[in-house]
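Shown next, in structure tokens, is the structure this report addresses.
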Amino acid sequence: MISEARPKFLRIVKKLPLRLKTQLDSIIREIEIDPKIGELKHGDINFIWIYAFKDENKQIWLLSYIIKSEKKIEFIYLATHENYYRDLKKYLKN
């Protein structure tokens, strides 16, 4: 499986603490093995898959990605649950 990442996703990941980066790496590997592990959204973002997970502080994080083909995934956005969908839609419009 080939993974790509948008620049905004890479900037967000760069600022994360090491423990969360390590957790995110294992989640990305899981998604590469089974891309449909996340939840396909509905409505105006019906092409985006969301994978939710909790960090060590029980904070909910959401990871957005698009399955471009059987062998290609593009990671789009990562943030905590608060205002996530509003910010994601705003980012996708730009």
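Residues in the structure tokens are named by chain (A, B, ... in the order shown) and by number from 1 within that chain; ligands are numbered from 1 in the order shown.
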
- request: Write out as a PyMOL selection string which residues come within 7 Å of region 9-18 of chain A when counting only C-alpha atoms, dropping same-chain ones fewer than 4 positions away.
  value: chain A and resi 5+22+75-78

message: I want to know what sits within 12 Å of region 25-35 of chain A, based on only C-alpha atoms, with residues of the same chain fewer than 4 positions away left out; could you give that as a PyMOL selection string?
response: chain A and resi 1-5+13+16+18-21+39-40+48-55+61-75+78

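Look at Ile45 (chain A): the protein and nucleic acid residues within 10 Å of it, using only C-alpha atoms and passing over chain neighbours fewer than 6 places away, are Tyr85, Leu88, Lys89 and Leu92 of chain A.
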
Please write the residues from the selection above to a file, keeping C-alpha atoms, as a tab-separated table (two decimals), in the first residue's frame.
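As a result, result-v2.tsv now contains:
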chain	number	residue	atom	x	y	z
A	85	TYR	CA	-15.70	18.51	11.05
A	88	LEU	CA	-12.03	19.76	7.98
A	89	LYS	CA	-14.72	21.15	5.66
A	92	LEU	CA	-11.14	21.04	2.01

query: Which residues in chain A does DSSP call strand (DSSP E)? List them as a ChimeraX atom specification.
result: /A:2-5,39-40,49-54,60-69,72-80

- request: Would you return as a PyMOL selection string the members of chain A that DSSP assigns to alpha helix (DSSP H) on this structure's backbone?
  value: chain A and resi 7-14+18-33+84-93
